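Trainee: Handing you this structure, nothing more for now.
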Amino acid sequence: VILFDEPLSNLDRELRESLVIDIAALLRRLEMTAVYVTHDHGEAFAIADRVAILREGDLLQVDAPETLVNAPASVAVAEFLKLGLVLAGDVESGEMVLDKSHRLRPPTNFLNGSRSGHLFVPRNAMSPAPSGSGALSAKALHTAFQGDGYAVQLQLAHGPILDFHSQTRIPEGAAIDLAIAWDRARWFP
């Protein structure tokens with residue numbers, strides 16, 4: 001067993017990305033077992049067959065990278081991996097009440113009869129919607145071009161800040177509505 005303790009943390013991005021691929025290929029070719037400690041999610045996902053999420057000494061989930069991203073076991077895992085939006089809420093008459101005022105009506109059976117919980121909406125389950133038709137309203141705080149689109153920091157109307165990826169530039173200060181693909185969202189009771 002080889003222990004790697006943040007071996008690439010002080011390298012520039014290009015070299016780090018190249019070495020991640022080389023290390024992963026070498027470990028697989030030699031059929032070696034390794035424990036690789038990193039704070040870089042992308043690095044962990046590129047190297048590991050299984051990733052363990054630890055928080056304050058507790059093991060939250062151990063799974064394949066794809067499973068962690070597509071089916072986080074808890075709100076804590078979704079928040080730690082920064083997979084999207086996590087909002088606390090209560091259920092009243094089939095509606096989610098977020099931040100004591102914002103109401104959403106999810107599809108039937110989405111809430112599974114629970115009275116309170118957290119709505120998790122992955123980034124890929126949100127898309128810009130025509131004005132007034134989205135489930136969530138936000139204002140663009142900052143937009144930065146990243147080569148394959150724009151990183152946009154959004155302030156939701158009822159408080160939380162969300163990092164969002166857009167194919168088009170969203171001017172700072174612009175209002176934007178977001179639609180939710182409910183089949184990819186999840187309610188954690």
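Just so we're on the same page: first chain in the structure tokens is A, next is B, and so on; residues restart at 1 for each chain, and ligands are numbered from 1 in the order they show up.
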If you count only C-alpha atoms, which residues fall within 6 Å of Glu6 of chain A, apart from same-chain ones fewer than 2 positions away, as a list in words?

Mentor: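 Selected residues are Leu8, Ser9, Val37 and Thr38 of chain A.
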
Trainee: Restricted to N, CA, C and O atoms, what would the selected residues look like written as a PDB file, in the first residue's frame?

Mentor:
```pdb
ATOM      1  N   LEU A   8       0.683  16.579  -4.910  1.00  0.00           N
ATOM      2  CA  LEU A   8       0.691  17.529  -6.024  1.00  0.00           C
ATOM      3  C   LEU A   8       0.267  18.938  -5.621  1.00  0.00           C
ATOM      4  O   LEU A   8       0.097  19.807  -6.476  1.00  0.00           O
ATOM      5  N   SER A   9       0.113  19.185  -4.328  1.00  0.00           N
ATOM      6  CA  SER A   9      -0.491  20.437  -3.872  1.00  0.00           C
ATOM      7  C   SER A   9       0.310  21.685  -4.221  1.00  0.00           C
ATOM      8  O   SER A   9      -0.259  22.762  -4.350  1.00  0.00           O
ATOM      9  N   VAL A  37      -4.439  11.150  -0.226  1.00  0.00           N
ATOM     10  CA  VAL A  37      -5.084  12.216   0.535  1.00  0.00           C
ATOM     11  C   VAL A  37      -4.992  13.508  -0.276  1.00  0.00           C
ATOM     12  O   VAL A  37      -3.909  13.895  -0.715  1.00  0.00           O
ATOM     13  N   THR A  38      -6.147  14.147  -0.494  1.00  0.00           N
ATOM     14  CA  THR A  38      -6.174  15.406  -1.224  1.00  0.00           C
ATOM     15  C   THR A  38      -7.421  16.194  -0.845  1.00  0.00           C
ATOM     16  O   THR A  38      -8.417  15.613  -0.412  1.00  0.00           O
TER      17      THR A  38
END
```

Trainee: In terms of the shortest atom-to-atom distance over only C-alpha atoms, which of A:Asp12, A:Pro107, A:Arg28, A:Phe4 is closest to Ala44 of chain A?

Mentor: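 Among A:Asp12, A:Pro107, A:Arg28, A:Phe4, it is A:Phe4 that comes nearest to Ala44 of chain A.
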
Trainee: Could you please write out, as a list of chain:residue names, every residue of segment 30-97 of chain A that DSSP assigns to strand (DSSP E)?

Mentor: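 Answer for segment 30-97 of chain A, restricted to strand (DSSP E): A:Ala34, A:Val35, A:Tyr36, A:Val37, A:Val51, A:Ala52, A:Ile53, A:Leu54, A:Arg55, A:Asp58, A:Leu59, A:Leu60, A:Gln61, A:Val62, A:Asp63, A:Gly84, A:Leu85, A:Val86, A:Leu87, A:Ala88, A:Gly89, A:Asp90, A:Val91, A:Glu92, A:Glu95, A:Met96, A:Val97.
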